[in-house]
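Printed here is query-v1.tsv (TSV, C-alpha atoms):
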chain	number	residue	atom	x	y	z
A	210	MET	CA	-8.53	39.69	9.27
A	211	GLN	CA	-12.01	38.88	8.02
A	212	LYS	CA	-14.70	37.24	10.18
A	213	ILE	CA	-16.50	34.24	8.66
A	214	VAL	CA	-19.71	32.52	9.72
A	215	GLY	CA	-20.75	28.91	9.02
A	216	VAL	CA	-24.38	28.02	8.21
A	217	LYS	CA	-26.34	24.86	7.38
A	218	ARG	CA	-29.41	24.45	5.23
A	219	PHE	CA	-32.34	22.52	6.62
A	220	GLY	CA	-32.08	18.92	5.50
A	221	ASP	CA	-28.42	19.35	4.55
A	222	ARG	CA	-25.57	18.41	6.89
A	223	ASP	CA	-22.82	20.28	5.02
A	224	THR	CA	-21.54	23.57	6.39
A	225	TYR	CA	-21.32	26.59	4.07
A	226	PHE	CA	-19.26	29.68	4.86
A	227	PHE	CA	-20.16	33.33	4.31
A	228	LEU	CA	-18.71	36.65	5.33
A	229	GLN	CA	-20.03	37.76	8.71
A	230	ASN	CA	-21.48	41.12	7.78
A	231	ILE	CA	-24.13	41.03	10.54
A	232	GLU	CA	-22.91	41.97	14.02
A	233	ASP	CA	-25.65	40.78	16.37
A	234	LEU	CA	-25.52	37.10	15.34
A	235	SER	CA	-25.59	34.14	17.69
A	236	LEU	CA	-25.63	30.37	17.28
A	237	ASN	CA	-28.85	28.76	15.93
A	238	ASP	CA	-30.03	32.06	14.47
A	239	ARG	CA	-31.90	31.95	11.13
A	240	VAL	CA	-30.45	33.98	8.26
A	241	LEU	CA	-31.41	34.55	4.65
A	242	VAL	CA	-28.65	33.39	2.25
A	243	GLN	CA	-28.12	32.91	-1.48
A	244	PHE	CA	-26.96	29.49	-2.80
A	245	ASP	CA	-26.19	29.63	-6.53
A	246	GLU	CA	-29.32	31.53	-7.63
A	247	PHE	CA	-31.36	29.78	-4.96
A	248	GLU	CA	-32.46	31.93	-2.02
A	249	THR	CA	-33.35	30.13	1.19
A	250	ILE	CA	-33.12	30.24	4.98
A	251	ALA	CA	-30.22	28.62	6.87
A	252	MET	CA	-29.17	28.20	10.50
A	253	VAL	CA	-25.95	29.60	11.99
A	254	THR	CA	-23.67	26.85	13.32
A	255	LYS	CA	-20.25	28.60	13.57
A	256	LEU	CA	-19.30	32.14	14.47
A	257	ASN	CA	-16.27	34.45	14.50
A	258	ILE	CA	-13.99	32.32	12.32
A	259	GLU	CA	-10.91	34.36	11.46
A	260	ALA	CA	-9.41	34.09	7.98
A	261	GLU	CA	-7.00	36.04	5.81
A	262	ASP	CA	-8.38	38.53	3.34
A	263	SER	CA	-6.97	36.58	0.41
A	264	LYS	CA	-8.99	33.49	1.43
A	265	ALA	CA	-12.21	35.32	2.19
A	266	TYR	CA	-12.59	37.60	-0.81
A	267	GLU	CA	-14.50	34.96	-2.86
A	268	LEU	CA	-17.12	34.35	-0.15
A	269	LYS	CA	-20.57	35.83	-0.39
A	270	THR	CA	-22.26	37.91	2.27
A	271	LEU	CA	-25.40	37.13	4.24
A	272	LYS	CA	-28.61	38.72	3.01
A	273	ARG	CA	-30.10	39.57	6.37
A	274	LYS	CA	-31.28	38.06	9.59
A	275	ALA	CA	-34.54	36.12	9.19
A	276	THR	CA	-37.63	37.32	11.03
A	277	GLU	CA	-40.48	35.24	12.42
A	278	LYS	CA	-42.55	36.08	9.36
A	279	ASP	CA	-39.75	34.78	7.11
A	280	ILE	CA	-39.52	31.55	9.08
A	281	GLN	CA	-43.28	31.02	8.86
A	282	LYS	CA	-43.22	31.58	5.09
A	283	TYR	CA	-40.35	29.14	4.71
A	284	GLU	CA	-42.29	26.43	6.59
A	285	GLU	CA	-45.36	26.98	4.39
A	286	LEU	CA	-43.28	26.64	1.21
A	287	ALA	CA	-41.62	23.46	2.51
A	288	LYS	CA	-45.03	21.89	3.22
A	289	LYS	CA	-46.35	22.96	-0.19
A	290	ALA	CA	-43.39	21.38	-2.00
A	291	LYS	CA	-43.73	18.15	0.00
A	292	ASP	CA	-47.41	17.86	-0.96
A	293	LYS	CA	-46.46	18.11	-4.63
A	294	LEU	CA	-44.18	15.04	-4.55
A	295	PRO	CA	-46.95	12.45	-5.19
A	296	GLU	CA	-48.08	14.39	-8.28
A	297	ILE	CA	-44.49	14.56	-9.54
A	298	LYS	CA	-44.09	10.78	-9.14
A	299	LYS	CA	-47.38	10.20	-10.99
A	300	LYS	CA	-46.25	12.33	-13.95
A	301	SER	CA	-42.93	10.45	-14.22
A	302	LEU	CA	-44.71	7.07	-14.27
A	303	GLU	CA	-47.05	8.26	-17.01
A	304	LEU	CA	-43.98	9.13	-19.12
A	305	GLY	CA	-42.33	5.76	-18.33
A	306	LEU	CA	-39.39	7.26	-16.45
A	307	MET	CA	-37.74	5.18	-13.71
A	308	MET	CA	-37.02	7.95	-11.22
A	309	LYS	CA	-37.03	7.94	-7.42
A	310	PHE	CA	-37.84	11.43	-6.14
A	311	ILE	CA	-36.14	12.39	-2.88
A	312	SER	CA	-37.16	15.95	-2.12
A	313	ALA	CA	-38.65	19.13	-3.53
A	314	GLU	CA	-37.88	22.65	-2.30
A	315	TYR	CA	-39.16	26.11	-3.18
A	316	SER	CA	-36.83	29.06	-3.21
A	317	PHE	CA	-37.70	31.78	-0.73
A	318	ASP	CA	-38.98	34.13	-3.46
A	319	GLU	CA	-40.93	31.25	-5.15
A	320	SER	CA	-39.09	31.82	-8.42
A	321	LYS	CA	-37.61	28.33	-8.60
A	322	VAL	CA	-38.32	24.75	-7.48
A	323	LEU	CA	-35.40	22.37	-6.89
A	324	ILE	CA	-36.32	18.66	-7.25
A	325	THR	CA	-33.76	15.97	-6.43
A	326	PHE	CA	-34.08	12.36	-7.64
A	327	SER	CA	-32.00	9.21	-7.96
A	328	SER	CA	-31.86	6.68	-10.77
A	329	GLU	CA	-29.63	3.78	-11.75
A	330	GLU	CA	-29.46	4.98	-15.35
A	331	ARG	CA	-29.23	8.30	-17.12
A	332	VAL	CA	-32.71	9.78	-17.56
A	333	ASP	CA	-33.98	12.03	-20.35
A	334	PHE	CA	-36.40	14.21	-18.40
A	335	ARG	CA	-37.05	16.95	-20.94
A	336	ALA	CA	-40.68	15.92	-21.39
A	337	LEU	CA	-41.15	15.81	-17.62
A	338	LEU	CA	-39.81	19.36	-17.28
A	339	LYS	CA	-42.57	20.68	-19.52
A	340	GLU	CA	-45.23	18.90	-17.49
A	341	LEU	CA	-43.82	20.14	-14.17
A	342	ALA	CA	-43.53	23.72	-15.44
A	343	THR	CA	-47.26	23.81	-16.20
A	344	MET	CA	-48.00	22.26	-12.80
A	345	PHE	CA	-45.89	24.61	-10.65
A	346	LYS	CA	-46.07	27.59	-13.02
A	347	THR	CA	-42.50	28.50	-12.18
A	348	ARG	CA	-38.95	27.58	-13.10
A	349	ILE	CA	-38.04	23.89	-12.44
A	350	GLU	CA	-34.57	22.45	-11.78
A	351	LEU	CA	-34.11	18.64	-11.67
A	352	LYS	CA	-30.97	17.39	-9.93
A	353	GLN	CA	-29.88	13.75	-10.07
A	354	ILE	CA	-27.94	12.44	-7.05
A	355	GLY	CA	-26.25	9.15	-6.26
A	356	GLN	CA	-27.39	6.41	-3.92
A	357	ARG	CA	-25.03	7.55	-1.18
A	358	ASP	CA	-26.36	11.11	-1.36
A	359	GLU	CA	-29.87	9.69	-1.13
A	360	VAL	CA	-29.11	7.96	2.18
A	361	LYS	CA	-27.35	11.11	3.39
A	362	ILE	CA	-30.53	13.13	2.87
A	363	CYS	CA	-33.09	10.55	4.00
A	364	GLY	CA	-31.01	8.90	6.76
A	365	GLY	CA	-31.24	5.30	7.96
A	366	VAL	CA	-29.79	2.61	10.20
A	367	GLY	CA	-26.73	0.67	9.10
A	368	PRO	CA	-25.89	-3.05	9.59
A	369	CYS	CA	-24.08	-2.12	12.82
A	370	GLY	CA	-27.31	-0.87	14.38
A	371	GLU	CA	-26.20	2.77	14.42
A	372	GLN	CA	-27.37	5.67	12.32
A	373	CYS	CA	-25.59	5.85	8.98
A	374	CYS	CA	-22.29	7.71	9.09
A	375	CYS	CA	-23.21	9.88	6.10
A	376	ALA	CA	-26.41	11.04	7.80
A	377	ARG	CA	-24.76	11.59	11.19
A	378	PHE	CA	-21.30	13.15	10.77
A	379	LEU	CA	-19.66	12.24	7.45
A	380	LYS	CA	-19.29	15.27	5.18
A	381	ASN	CA	-17.38	13.93	2.17
A	382	PHE	CA	-17.47	10.47	0.62
A	383	ASP	CA	-13.99	8.97	0.45
A	384	HIS	CA	-13.01	6.33	-2.10
A	385	VAL	CA	-13.74	2.81	-0.78
A	386	THR	CA	-12.48	-0.37	-2.51
A	387	VAL	CA	-12.84	-4.13	-2.05
A	388	LYS	CA	-9.11	-4.25	-1.27
A	389	MET	CA	-9.83	-2.57	2.06
A	390	ALA	CA	-12.12	-5.45	3.01
A	391	LYS	CA	-9.50	-8.01	1.96
A	392	ILE	CA	-6.82	-6.34	4.07
A	393	GLN	CA	-9.06	-6.47	7.14
A	394	GLY	CA	-9.90	-10.15	6.55
A	395	LEU	CA	-13.63	-9.52	6.10
A	396	SER	CA	-16.06	-11.62	4.12
A	397	LEU	CA	-16.42	-10.40	0.53
A	398	ALA	CA	-20.12	-11.27	0.36
A	399	PRO	CA	-22.12	-8.19	-0.77
A	400	THR	CA	-24.53	-8.57	2.16
A	401	LYS	CA	-21.60	-8.25	4.58
A	402	ILE	CA	-19.68	-5.29	3.17
A	403	ASN	CA	-22.43	-3.24	1.49
A	404	GLY	CA	-24.49	-0.60	3.28
A	405	ILE	CA	-28.18	0.20	2.89
A	406	CYS	CA	-27.30	2.34	-0.14
A	407	GLY	CA	-26.06	-0.76	-1.99
A	408	ARG	CA	-22.49	0.55	-2.11
A	409	LEU	CA	-19.45	-0.43	-0.07
A	410	MET	CA	-19.73	0.76	3.51
A	411	CYS	CA	-17.86	4.00	4.25
A	412	CYS	CA	-16.52	2.57	7.53
A	413	LEU	CA	-14.25	0.17	5.59
A	414	GLY	CA	-11.84	3.04	5.06
A	415	TYR	CA	-11.63	4.13	8.70
A	416	GLU	CA	-9.08	1.50	9.82
A	417	SER	CA	-7.66	0.47	6.45
A	418	GLU	CA	-4.45	2.48	6.88
A	419	MET	CA	-3.78	0.95	10.31
A	420	TYR	CA	-4.27	-2.57	8.94
A	421	GLU	CA	-1.82	-1.86	6.10
A	422	GLN	CA	0.82	-0.68	8.57
A	423	MET	CA	0.38	-3.82	10.68
A	424	LEU	CA	0.50	-6.17	7.68
A	425	ALA	CA	3.75	-4.55	6.55
A	426	LYS	CA	5.36	-5.82	9.78
A	427	MET	CA	3.93	-9.34	9.49
A	428	PRO	CA	4.98	-12.16	7.12
A	429	LYS	CA	2.76	-13.08	4.20
A	430	VAL	CA	0.55	-16.15	4.42
A	431	GLY	CA	2.28	-19.09	2.70
A	432	SER	CA	5.81	-17.72	3.13
A	433	SER	CA	8.61	-19.73	4.75
A	434	ILE	CA	9.70	-18.46	8.13
A	435	LYS	CA	12.35	-19.36	10.68
A	436	THR	CA	10.99	-19.46	14.20
A	437	PRO	CA	12.75	-20.21	17.49
A	438	ASN	CA	11.48	-23.81	17.12
A	439	GLY	CA	12.56	-24.29	13.49
A	440	PHE	CA	11.38	-23.55	9.96
A	441	GLY	CA	7.68	-23.46	9.10
A	442	THR	CA	4.99	-21.99	6.86
A	443	VAL	CA	2.77	-19.05	7.81
A	444	VAL	CA	-0.91	-20.09	7.79
A	445	TYR	CA	-2.63	-17.13	9.51
A	446	ASN	CA	-1.96	-13.57	10.67
A	447	ASP	CA	-3.89	-12.28	13.69
A	448	ILE	CA	-3.60	-8.56	13.01
A	449	LEU	CA	-5.41	-7.30	16.09
A	450	ARG	CA	-3.41	-9.48	18.52
A	451	GLU	CA	-0.20	-9.07	16.46
A	452	ARG	CA	0.47	-12.81	16.38
A	453	VAL	CA	1.50	-15.19	13.59
A	454	SER	CA	0.39	-18.83	13.26
A	455	VAL	CA	3.12	-21.06	11.79
A	456	LYS	CA	2.76	-24.69	10.67
A	457	ARG	CA	5.90	-26.81	10.93
A	458	GLN	CA	6.64	-30.50	10.60
A	459	ALA	CA	7.03	-32.44	13.82
A	460	ASP	CA	8.05	-36.09	14.30
A	461	GLY	CA	7.15	-38.22	11.31
A	462	ASP	CA	4.36	-36.99	9.07
A	463	THR	CA	2.64	-34.91	11.73
A	464	PHE	CA	2.41	-31.13	11.66
A	465	VAL	CA	2.14	-28.66	14.49
A	466	VAL	CA	0.64	-25.14	14.36
A	467	GLU	CA	2.24	-22.69	16.78
A	468	ASP	CA	1.56	-19.01	17.54
A	469	PHE	CA	4.34	-16.45	17.79
A	470	SER	CA	4.19	-12.76	18.59
A	471	LEU	CA	5.81	-10.09	16.46
A	472	GLU	CA	8.41	-9.63	19.21
A	473	ASP	CA	9.82	-13.08	18.35
A	474	ILE	CA	10.00	-12.28	14.64
A	475	ASP	CA	12.27	-9.65	13.17
A	476	ALA	CA	11.84	-7.59	10.03
A	477	ILE	CA	11.98	-9.18	6.60
A	478	LYS	CA	15.42	-9.88	5.14
A	479	ASN	CA	16.07	-11.21	1.63
A	480	GLY	CA	12.51	-12.46	1.26
A	481	THR	CA	12.43	-14.61	4.42
A	482	TYR	CA	11.68	-13.83	8.03
A	483	VAL	CA	14.24	-14.71	10.71
A	484	SER	CA	13.57	-15.17	14.39
A	485	LYS	CA	15.15	-12.73	16.81
A	486	LYS	CA	16.99	-15.52	18.59
A	487	ALA	CA	18.76	-16.57	15.39
A	488	GLU	CA	19.50	-12.92	14.66
A	489	GLU	CA	21.04	-12.46	18.09
A	490	ASN	CA	23.31	-15.47	17.56
A	491	LYS	CA	24.39	-14.01	14.24
A	492	THR	CA	25.23	-10.67	15.82
A	493	LYS	CA	27.31	-12.44	18.49
A	494	GLU	CA	29.31	-14.22	15.80
A	495	ASN	CA	29.89	-10.94	13.99
A	496	GLU	CA	31.04	-9.29	17.21
A	497	GLU	CA	33.53	-12.13	17.88
A	498	ARG	CA	34.87	-11.89	14.35
A	499	LEU	CA	35.29	-8.12	14.67
A	500	SER	CA	37.09	-8.53	18.00
A	501	GLN	CA	39.52	-11.01	16.41
A	502	GLU	CA	40.17	-8.64	13.52
A	503	LYS	CA	40.87	-5.80	15.94
A	504	SER	CA	43.32	-7.93	17.93
A	505	PHE	CA	45.18	-8.81	14.71
A	506	ASP	CA	47.60	-5.96	13.89
A	507	THR	CA	47.15	-4.95	10.24
A	508	SER	CA	49.50	-1.97	10.33
A	509	LYS	CA	52.57	-4.08	9.30
A	510	PRO	CA	52.91	-6.43	6.31
A	511	LEU	CA	52.89	-10.18	6.89
A	512	SER	CA	56.60	-10.56	6.06
A	513	GLU	CA	57.51	-8.33	9.01
A	514	LYS	CA	55.36	-10.18	11.49
A	515	PRO	CA	57.19	-12.24	14.08
A	516	ASN	CA	57.24	-15.99	13.44
A	517	PHE	CA	55.89	-15.51	9.90
A	518	LYS	CA	59.00	-16.91	8.13
A	519	LYS	CA	59.24	-19.76	10.57
A	520	GLU	CA	55.62	-20.76	10.02
A	521	ARG	CA	56.06	-20.57	6.23
A	522	ASN	CA	59.17	-22.80	6.30
A	523	ASP	CA	57.51	-25.28	8.65
A	524	PHE	CA	54.53	-25.51	6.33
A	525	LYS	CA	56.74	-25.99	3.25
A	526	ASN	CA	58.99	-28.66	4.79
A	527	LYS	CA	56.21	-30.59	6.46
A	528	PRO	CA	56.06	-34.09	4.91
A	529	TYR	CA	52.81	-35.40	3.48
A	530	GLU	CA	51.14	-37.96	5.70
A	531	LYS	CA	48.35	-39.81	4.00
A	532	ASN	CA	46.83	-41.27	7.14
A	533	ASN	CA	47.37	-38.17	9.24
A	534	LYS	CA	44.04	-36.45	9.77
A	535	GLN	CA	45.77	-33.22	10.66
A	536	GLY	CA	47.71	-33.11	7.36
A	537	PHE	CA	46.90	-30.56	4.71
A	538	GLY	CA	46.28	-33.20	1.99
A	539	MET	CA	49.12	-32.11	-0.36
A	540	GLU	CA	52.71	-33.07	-1.11
A	541	ILE	CA	55.75	-30.79	-1.29
A	542	VAL	CA	57.57	-31.34	-4.61
A	543	ASP	CA	60.98	-29.98	-5.66
A	544	ALA	CA	60.25	-28.68	-9.16
A	545	GLU	CA	63.91	-27.82	-10.03
A	546	ALA	CA	65.05	-31.38	-9.43
A	547	ASP	CA	62.31	-32.74	-11.70
A	548	VAL	CA	63.32	-30.38	-14.51
A	549	LYS	CA	66.93	-31.51	-14.29
A	550	LYS	CA	65.88	-35.16	-14.42
A	551	LEU	CA	63.82	-34.55	-17.57
A	552	GLY	CA	66.71	-32.68	-19.18
A	553	ASP	CA	69.20	-35.56	-18.60
A	554	LYS	CA	67.04	-38.07	-20.52
A	555	PRO	CA	68.24	-38.82	-24.12
A	556	ASN	CA	65.96	-37.36	-26.81
A	557	GLY	CA	63.80	-35.90	-24.08
A	558	PHE	CA	61.29	-33.29	-25.14
A	559	GLY	CA	59.95	-32.48	-21.68
A	560	GLY	CA	61.66	-29.25	-20.54
A	561	HIS	CA	65.28	-28.41	-21.42
A	562	SER	CA	67.76	-31.07	-22.43
A	563	GLY	CA	71.18	-31.51	-20.89
A	564	ASP	CA	72.86	-29.22	-23.46
A	565	LYS	CA	69.95	-26.76	-23.14
A	566	LYS	CA	68.83	-27.09	-26.80
A	567	ARG	CA	65.22	-26.61	-27.80
A	568	PHE	CA	63.28	-28.56	-30.41
A	569	ASN	CA	62.92	-26.49	-33.63
A	570	HIS	CA	59.58	-27.15	-35.29
A	571	LYS	CA	60.26	-24.89	-38.27
A	572	LYS	CA	63.26	-26.91	-39.54
A	573	PHE	CA	61.52	-30.24	-39.07
A	574	ASN	CA	59.90	-31.67	-42.23
A	575	ARG	CA	57.16	-34.20	-41.76
A	576	ASN	CA	57.95	-35.95	-45.10
A	577	LYS	CA	61.44	-36.61	-43.79
A	578	ASN	CA	62.41	-38.36	-40.65
A	579	ARG	CA	65.42	-36.14	-40.05
A	580	PHE	CA	66.49	-32.55	-40.46
A	581	GLY	CA	67.01	-31.79	-44.23
A	582	GLN	CA	67.45	-35.51	-45.25
A	583	LYS	CA	65.35	-37.68	-47.46
A	584	PRO	CA	63.73	-40.69	-45.95
A	585	GLU	CA	65.44	-43.99	-46.55
A	586	THR	CA	63.63	-46.25	-49.01
A	587	GLY	CA	64.28	-49.88	-49.66
A	588	ASN	CA	62.85	-52.62	-51.83
A	589	LYS	CA	60.87	-55.23	-50.00

Please express the file's structure as structure tokens.
Amino acid sequence: MQKIVGVKRFGDRDTYFFLQNIEDLSLNDRVLVQFDEFETIAMVTKLNIEAEDSKAYELKTLKRKATEKDIQKYEELAKKAKDKLPEIKKKSLELGLMMKFISAEYSFDESKVLITFSSEERVDFRALLKELATMFKTRIELKQIGQRDEVKICGGVGPCGEQCCCARFLKNFDHVTVKMAKIQGLSLAPTKINGICGRLMCCLGYESEMYEQMLAKMPKVGSSIKTPNGFGTVVYNDILRERVSVKRQADGDTFVVEDFSLEDIDAIKNGTYVSKKAEENKTKENEERLSQEKSFDTSKPLSEKPNFKKERNDFKNKPYEKNNKQGFGMEIVDAEADVKKLGDKPNGFGGHSGDKKRFNHKKFNRNKNRFGQKPETGNK
């Protein structure tokens, strides 16, 4: 297992990890480290972090432990770079470049100067590089940062009255959207949801997930809902108190707004919300129906049930009573008797005739009024 140490650069709140190749290290010690071709002094913030060899092989090692002479030199270089900032700003204005310079830093061996700036647009600073190279007489690196990174370096006080999260503890900037403010019911005015950097406040994302989980349990505003007091329309959701305000029609044309807790409202079903009381009544009905089905023996067919034939015959022979409210509203008809009556009629075509002969359409000729005979014609 490899031992890893965490260090922080002065003015930077991010922690960088290196292999712990120095034994007599303690917290807040100054060490000389290399950051991407930029040598500087950093402070130890974490010690004896164990990690697998496969995860630690890409890390760099510490140069050495800084002495008092090294620390004094570092402070002199920092002061020298800070004094150069006004001259750098003057050169950029002469070239007509809209740049806001944040910091300037010498490397420990004075072979490079790192200058950070912010700008709303992309800047062509090639002409400025030539001017700065003659001024510093060393290698110059210009680094453009965003507005959030600017506040992270410089610090400040947010609208809440506390120090900005990015300058105090926030390491990485998470993605923040206006949807997070909508979910939390906040005002969408830029002065209310923007921080001192001009971007959306980072704290909007802290409780966004919790608000989404709560809203998933609550009905949408404008949806129809069934409450213990009747149907109504949702007008407001109090997420923190977990209560729902419902507007329903009272006597006449008046409306009443009532508050209900989530305990009185069950989960969504088929697009509408149902109160728990109505759901309990429904479950009772289902339990009664299931108990009746269990009491009814389904192992035998209906024909073998006792009293089945008797009930069928009673139903068939029951006369129709028009004024009887308990009647079934239908009349029992003997179909065989009706067929016989139709068959006994002379020249009857409804059903079978008395001698059980059928009408033959193929032998019938429409131009003749009888089978195979010419129609009778007479002079008028």

Selection: 8 Å around range 391-395 of chain A, all atoms listed in the file, excl. self and same-chain fewer than 6 positions, as a list in words: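 The contact residues come out as Ile402, Ser417, Tyr420 and Glu421 of chain A.
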
Non-local contacts of Ala390 in chain A (8 Å; all atoms listed in the file; under 6 positions in same chain excluded) as a list in words: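 Once the adjacent positions are removed, what remains is Ser396, Leu397, Ile402 and Leu413 of chain A.
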
Contacts of range 217-232 of chain A at 6 Å (all atoms listed in the file; same-chain gap of 4+ positions) as a ChimeraX atom specification: /A:212-213,251-252,268-270

Output of the above residues as a PDB file, in the frame of the given file, restricted to C-alpha atoms:
ATOM      1  CA  LYS A 212     -14.700  37.240  10.180  1.00  0.00           C
ATOM      2  CA  ILE A 213     -16.500  34.240   8.660  1.00  0.00           C
ATOM      3  CA  ALA A 251     -30.220  28.620   6.870  1.00  0.00           C
ATOM      4  CA  MET A 252     -29.170  28.200  10.500  1.00  0.00           C
ATOM      5  CA  LEU A 268     -17.120  34.350  -0.150  1.00  0.00           C
ATOM      6  CA  LYS A 269     -20.570  35.830  -0.390  1.00  0.00           C
ATOM      7  CA  THR A 270     -22.260  37.910   2.270  1.00  0.00           C
TER       8      THR A 270
END

Non-local contacts of range 403-405 of chain A (10 Å; all atoms listed in the file; under 6 positions in same chain excluded) as a ChimeraX atom specification: /A:356-357,360,364-369,373,397,411-413

Polymer residues at most 8 Å from Met427 in chain A, all atoms listed in the file, same-chain spacing of 3 or more positions, as a PyMOL selection string: chain A and resi 423-424+446+453+471

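Among the candidate residues A:Asn257, A:Ser328, A:Thr442, A:Gln458, the one lying nearest to Leu306 in chain A is A:Ser328, with distances computed using all atoms listed in the file.
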
CA of Ile349 in chain A to CA of Ala287 in chain A, distance in Å rounded to a single decimal: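 These atoms are spaced 15.4 Å apart.
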
Atomic separation - CA of Phe464 in chain A relative to CA of Glu451 in chain A, Å: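 Separation between CA of Glu451 in chain A and CA of Phe464 in chain A: 22.7 Å.
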
Separation of CA of Ser432 in chain A from CA of Ser454 in chain A in Å: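 Separation between CA of Ser454 in chain A and CA of Ser432 in chain A: 11.5 Å.
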
Missing atoms in range 269-290 of chain A need filling: write out N, CA and C atoms for it as a compact mmCIF listing (two decimals), in the coordinates of the input.
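Result file is rebuild-v1.txt:
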# COMPACT_ATOMS: atom_id res chain seq x y z
N LYS A 269 -19.43 34.92 -0.29
CA LYS A 269 -20.57 35.83 -0.39
C LYS A 269 -20.96 36.33 1.00
N THR A 270 -21.79 37.34 1.00
CA THR A 270 -22.26 37.91 2.27
C THR A 270 -23.67 37.41 2.57
N LEU A 271 -24.05 37.50 3.83
CA LEU A 271 -25.40 37.13 4.24
C LEU A 271 -26.39 38.21 3.79
N LYS A 272 -27.59 37.75 3.44
CA LYS A 272 -28.61 38.72 3.01
C LYS A 272 -29.06 39.57 4.21
N ARG A 273 -29.63 38.90 5.16
CA ARG A 273 -30.10 39.57 6.37
C ARG A 273 -30.50 38.51 7.37
N LYS A 274 -30.81 38.97 8.56
CA LYS A 274 -31.28 38.06 9.59
C LYS A 274 -32.77 37.79 9.38
N ALA A 275 -33.15 36.51 9.45
CA ALA A 275 -34.54 36.12 9.19
C ALA A 275 -35.44 36.51 10.36
N THR A 276 -36.63 36.97 10.02
CA THR A 276 -37.63 37.32 11.03
C THR A 276 -38.59 36.14 11.24
N GLU A 277 -39.49 36.29 12.17
CA GLU A 277 -40.48 35.24 12.42
C GLU A 277 -41.41 35.07 11.22
N LYS A 278 -41.72 36.15 10.55
CA LYS A 278 -42.55 36.08 9.36
C LYS A 278 -41.83 35.30 8.25
N ASP A 279 -40.53 35.52 8.12
CA ASP A 279 -39.75 34.78 7.11
C ASP A 279 -39.71 33.28 7.44
N ILE A 280 -39.57 32.96 8.69
CA ILE A 280 -39.52 31.55 9.08
C ILE A 280 -40.87 30.89 8.83
N GLN A 281 -41.95 31.58 9.10
CA GLN A 281 -43.28 31.02 8.86
C GLN A 281 -43.51 30.80 7.36
N LYS A 282 -43.09 31.73 6.54
CA LYS A 282 -43.22 31.58 5.09
C LYS A 282 -42.40 30.40 4.58
N TYR A 283 -41.20 30.25 5.12
CA TYR A 283 -40.35 29.14 4.71
C TYR A 283 -41.00 27.79 5.03
N GLU A 284 -41.63 27.68 6.20
CA GLU A 284 -42.29 26.43 6.59
C GLU A 284 -43.49 26.15 5.68
N GLU A 285 -44.23 27.16 5.29
CA GLU A 285 -45.36 26.98 4.39
C GLU A 285 -44.90 26.50 3.02
N LEU A 286 -43.80 27.06 2.51
CA LEU A 286 -43.28 26.64 1.21
C LEU A 286 -42.76 25.20 1.26
N ALA A 287 -42.12 24.83 2.38
CA ALA A 287 -41.62 23.46 2.51
C ALA A 287 -42.77 22.46 2.51
N LYS A 288 -43.86 22.78 3.19
CA LYS A 288 -45.03 21.89 3.22
C LYS A 288 -45.68 21.80 1.84
N LYS A 289 -45.75 22.93 1.15
CA LYS A 289 -46.35 22.96 -0.19
C LYS A 289 -45.55 22.10 -1.17
N ALA A 290 -44.23 22.18 -1.10
CA ALA A 290 -43.39 21.38 -2.00
C ALA A 290 -43.50 19.89 -1.67
